[in-house]
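Next up, upload.pdb (PDB, C-alpha atoms, pLDDT in the B column):
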```pdb
ATOM      1  CA  MET B 109       0.621   6.888 -37.640  1.00 79.00           C
ATOM      2  CA  SER B 110       2.663   6.081 -34.609  1.00 95.00           C
ATOM      3  CA  ILE B 111       5.838   7.602 -33.228  1.00 97.00           C
ATOM      4  CA  SER B 112       8.952   5.604 -34.000  1.00 97.00           C
ATOM      5  CA  THR B 113      11.613   7.924 -32.587  1.00 97.00           C
ATOM      6  CA  VAL B 114      12.183  11.372 -31.124  1.00 98.00           C
ATOM      7  CA  VAL B 115      15.504  13.166 -31.537  1.00 97.00           C
ATOM      8  CA  GLN B 116      16.566  16.306 -29.702  1.00 97.00           C
ATOM      9  CA  LYS B 117      18.536  18.750 -31.844  1.00 96.00           C
ATOM     10  CA  GLY B 118      19.476  21.864 -29.931  1.00 95.00           C
ATOM     11  CA  SER B 119      16.342  23.314 -28.367  1.00 97.00           C
ATOM     12  CA  SER B 120      13.933  21.312 -30.552  1.00 98.00           C
ATOM     13  CA  ALA B 121      12.607  17.756 -30.474  1.00 98.00           C
ATOM     14  CA  TYR B 122      11.946  16.144 -33.866  1.00 98.00           C
ATOM     15  CA  VAL B 123       9.187  13.542 -33.780  1.00 98.00           C
ATOM     16  CA  TYR B 124       9.398  10.865 -36.511  1.00 98.00           C
ATOM     17  CA  ASN B 125       6.762   8.368 -37.606  1.00 97.00           C
ATOM     18  CA  GLU B 126       7.352   4.761 -38.667  1.00 95.00           C
ATOM     19  CA  LYS B 127       8.058   5.934 -42.247  1.00 95.00           C
ATOM     20  CA  LYS B 128      10.920   8.059 -40.850  1.00 95.00           C
ATOM     21  CA  GLN B 129       9.041  11.241 -41.791  1.00 97.00           C
ATOM     22  CA  THR B 130       8.967  14.216 -39.447  1.00 97.00           C
ATOM     23  CA  SER B 131       5.530  14.279 -37.789  1.00 97.00           C
ATOM     24  CA  CYS B 132       6.209  17.493 -35.862  1.00 98.00           C
ATOM     25  CA  ILE B 133       8.891  19.587 -34.233  1.00 98.00           C
ATOM     26  CA  LEU B 134       8.450  20.514 -30.572  1.00 98.00           C
ATOM     27  CA  SER B 135      10.162  23.660 -29.326  1.00 98.00           C
ATOM     28  CA  LEU B 136      11.861  22.802 -26.065  1.00 98.00           C
ATOM     29  CA  GLY B 137      13.613  26.010 -25.084  1.00 95.00           C
ATOM     30  CA  SER B 138      14.923  25.199 -21.616  1.00 94.00           C
ATOM     31  CA  ALA B 139      12.523  22.252 -21.223  1.00 97.00           C
ATOM     32  CA  LYS B 140      13.705  18.644 -20.956  1.00 96.00           C
ATOM     33  CA  LEU B 141      12.709  15.871 -23.332  1.00 97.00           C
ATOM     34  CA  CYS B 142      11.856  13.036 -20.944  1.00 96.00           C
ATOM     35  CA  GLY B 143      10.784  10.208 -23.206  1.00 96.00           C
ATOM     36  CA  PHE B 144       8.230   8.887 -25.640  1.00 97.00           C
ATOM     37  CA  SER B 145       6.041   5.943 -26.545  1.00 96.00           C
ATOM     38  CA  SER B 146       4.421   4.993 -29.829  1.00 96.00           C
ATOM     39  CA  THR B 147       1.556   7.424 -29.124  1.00 95.00           C
ATOM     40  CA  PHE B 148       2.969  10.313 -27.058  1.00 97.00           C
ATOM     41  CA  VAL B 149       6.015  12.423 -26.158  1.00 98.00           C
ATOM     42  CA  CYS B 150       6.797  13.694 -22.623  1.00 98.00           C
ATOM     43  CA  VAL B 151       8.457  17.073 -22.063  1.00 98.00           C
ATOM     44  CA  GLN B 152       9.195  18.545 -18.626  1.00 97.00           C
ATOM     45  CA  ARG B 153       8.990  22.298 -18.113  1.00 96.00           C
ATOM     46  CA  ALA B 154       9.789  23.254 -14.507  1.00 96.00           C
ATOM     47  CA  SER B 155       7.511  21.112 -12.310  1.00 96.00           C
ATOM     48  CA  THR B 156       5.004  20.259 -15.048  1.00 97.00           C
ATOM     49  CA  LEU B 157       5.070  17.377 -17.512  1.00 98.00           C
ATOM     50  CA  TYR B 158       3.538  18.118 -20.916  1.00 98.00           C
ATOM     51  CA  VAL B 159       2.294  15.196 -22.974  1.00 98.00           C
ATOM     52  CA  TYR B 160       2.042  15.650 -26.757  1.00 98.00           C
ATOM     53  CA  ASP B 161       0.683  13.460 -29.540  1.00 97.00           C
ATOM     54  CA  GLU B 162       2.485  12.679 -32.815  1.00 97.00           C
ATOM     55  CA  LYS B 163       1.248  15.950 -34.351  1.00 97.00           C
ATOM     56  CA  GLY B 164       2.500  18.106 -31.460  1.00 98.00           C
ATOM     57  CA  ARG B 165      -0.929  18.654 -29.922  1.00 98.00           C
ATOM     58  CA  THR B 166      -1.061  18.803 -26.130  1.00 98.00           C
ATOM     59  CA  LEU B 167      -2.820  15.741 -24.740  1.00 98.00           C
ATOM     60  CA  SER B 168      -2.392  16.653 -21.076  1.00 98.00           C
ATOM     61  CA  THR B 169      -0.324  18.390 -18.441  1.00 98.00           C
ATOM     62  CA  ILE B 170       0.651  16.571 -15.275  1.00 97.00           C
ATOM     63  CA  SER B 171       1.974  18.329 -12.194  1.00 96.00           C
ATOM     64  CA  ILE B 172       5.183  16.755 -10.984  1.00 96.00           C
ATOM     65  CA  GLY B 173       5.307  18.962  -7.901  1.00 92.00           C
ATOM     66  CA  SER B 174       8.195  17.972  -5.676  1.00 91.00           C
ATOM     67  CA  GLY B 175       8.393  14.563  -7.368  1.00 94.00           C
ATOM     68  CA  GLU B 176      10.408  13.493 -10.368  1.00 95.00           C
ATOM     69  CA  PHE B 177       9.634  12.054 -13.776  1.00 95.00           C
ATOM     70  CA  HIS B 178      10.364   8.342 -13.661  1.00 94.00           C
ATOM     71  CA  SER B 179       9.431   6.847 -17.053  1.00 94.00           C
ATOM     72  CA  CYS B 180       6.892   6.659 -19.847  1.00 92.00           C
ATOM     73  CA  ALA B 181       5.839   3.711 -21.954  1.00 89.00           C
ATOM     74  CA  VAL B 182       2.307   2.406 -21.561  1.00 90.00           C
ATOM     75  CA  THR B 183       1.843   4.691 -18.548  1.00 95.00           C
ATOM     76  CA  ILE B 184       3.537   7.902 -17.445  1.00 97.00           C
ATOM     77  CA  ASN B 185       5.194   7.404 -14.075  1.00 97.00           C
ATOM     78  CA  ILE B 186       5.949  10.153 -11.563  1.00 97.00           C
ATOM     79  CA  LYS B 187       7.837   9.269  -8.391  1.00 96.00           C
ATOM     80  CA  ARG B 188       6.923  11.205  -5.254  1.00 95.00           C
ATOM     81  CA  GLY B 189       8.797   9.944  -2.223  1.00 95.00           C
ATOM     82  CA  SER B 190       8.555   6.155  -2.230  1.00 95.00           C
ATOM     83  CA  THR B 191       5.320   6.098  -4.244  1.00 96.00           C
ATOM     84  CA  LEU B 192       5.057   5.763  -8.009  1.00 96.00           C
ATOM     85  CA  TYR B 193       2.010   7.554  -9.463  1.00 97.00           C
ATOM     86  CA  MET B 194       0.857   6.237 -12.829  1.00 97.00           C
ATOM     87  CA  TYR B 195      -1.080   8.230 -15.446  1.00 98.00           C
ATOM     88  CA  ASP B 196      -2.323   7.643 -18.979  1.00 97.00           C
ATOM     89  CA  GLU B 197      -1.531  10.071 -21.813  1.00 96.00           C
ATOM     90  CA  LYS B 198      -4.685  12.066 -21.008  1.00 96.00           C
ATOM     91  CA  GLY B 199      -3.420  12.705 -17.461  1.00 97.00           C
ATOM     92  CA  ARG B 200      -5.922  10.335 -15.828  1.00 97.00           C
ATOM     93  CA  SER B 201      -4.704   8.454 -12.782  1.00 97.00           C
ATOM     94  CA  LYS B 202      -4.013   4.763 -13.371  1.00 97.00           C
ATOM     95  CA  GLY B 203      -3.091   3.977  -9.798  1.00 97.00           C
ATOM     96  CA  THR B 204      -0.098   3.969  -7.494  1.00 97.00           C
ATOM     97  CA  ARG B 205       2.420   1.527  -6.180  1.00 96.00           C
ATOM     98  CA  ILE B 206       5.394   1.531  -3.849  1.00 95.00           C
ATOM     99  CA  ALA B 207       8.568   2.247  -5.808  1.00 82.00           C
TER     100      ALA B 207
END
```

Could you take the file, read its structure, and then write that structure out as structure tokens?
Amino acid sequence: MSISTVVQKGSSAYVYNEKKQTSCILSLGSAKLCGFSSTFVCVQRASTLYVYDEKGRTLSTISIGSGEFHSCAVTINIKRGSTLYMYDEKGRSKGTRIA
């Protein structure tokens, strides 16, 4: 099943499928819920982006370094300076472009 929405309640992120059932609950603590697509959820802890599937399993970790999370949809985008670095949900590079 795919992810239809993710809702942050306190220090947890509730991941819902298209049947509006809870697929998993991610403990955020002091982490930041960054965004989601139909297949993954992005959570930032310090300078690392964690990518989870609909069951809460870690798909990948992506170092943000001195950059900043930009967006996630089809690709996960990290902006470092004037360059946008694009990754898939497994953390594999999908290229760059000038932001």

B:Lys117, B:Arg205, B:Lys140, B:Arg165: which is nearest Gly189 (chain B), counting only C-alpha atoms?
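The answer is B:Arg205, which sits nearest to Gly189 (chain B).
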
Take the PyMOL selection byres ((chain B and resi 116) around 12), apply it to the structure above, and return the hits as a ChimeraX atom specification.
/B:113-115,117-124,133-137,139-144,149,151

Quick one: distance from CA of Asp161 (chain B) to CA of Glu197 (chain B) in Å, one decimal?
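Computing it gives 8.7 Å between the two atoms.
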
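Going from CA of Leu167 (chain B) to CA of Lys198 (chain B) covers 5.6 Å.
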
List the spatial neighbours of Ser146 (chain B) as a list of chain:residue names - criterion: any atom at most 8 Å away, all atoms listed in the file, same-chain residues fewer than 6 positions off excluded.
B:Ser110, B:Ile111, B:Ser112

Please report the interatomic distance between CA of Ile172 (chain B) and CA of Thr204 (chain B) in Å with one decimal.
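Straight-line distance from CA of Ile172 (chain B) to CA of Thr204 (chain B) works out to 14.3 Å.
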
Given the PyMOL selection byres ((chain B and resi 176) around 7), the residues it picks as a PyMOL selection string:
chain B and resi 172+174-175+177-178+186-188

Step by step, work through what the PyMOL selection byres ((chain B and resi 169) around 9) selects in the shown file, and finish by giving those residues as a ChimeraX atom specification.
/B:156-159,166-168,170-171,198-199

The selected residues should be written to file as a short mmCIF file (atom, residue, chain, number, x, y, z; two decimals), in the coordinates of the input (atoms: C-alpha atoms).
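Ended up saving to out.cif:
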```
data_model
loop_
_atom_site.label_atom_id
_atom_site.label_comp_id
_atom_site.auth_asym_id
_atom_site.auth_seq_id
_atom_site.Cartn_x
_atom_site.Cartn_y
_atom_site.Cartn_z
CA THR B 156 5.00 20.26 -15.05
CA LEU B 157 5.07 17.38 -17.51
CA TYR B 158 3.54 18.12 -20.92
CA VAL B 159 2.29 15.20 -22.97
CA THR B 166 -1.06 18.80 -26.13
CA LEU B 167 -2.82 15.74 -24.74
CA SER B 168 -2.39 16.65 -21.08
CA ILE B 170 0.65 16.57 -15.28
CA SER B 171 1.97 18.33 -12.19
CA LYS B 198 -4.68 12.07 -21.01
CA GLY B 199 -3.42 12.70 -17.46
#
```

Closest of B:Ser138, B:Ser155, B:Ser131, B:Thr147 to Val182 (chain B) - atom-to-atom distances counting only C-alpha atoms
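Selected residue with least distance to Val182 (chain B): B:Thr147.
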
Can you report as JSON the centre and edge lengths in Å, to one decimal, of an axis-aligned box around the listed atoms of region 164-172 of chain B padded with 3 Å on each side?
```
{"center_x": 1.2, "center_y": 17.3, "center_z": -21.2, "size_x": 14.0, "size_y": 9.1, "size_z": 26.5}
```

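Closest approach to Thr130 (chain B) among B:Phe148, B:Glu162, B:Asp196, B:Gly173: B:Glu162, based on all atoms listed in the file.
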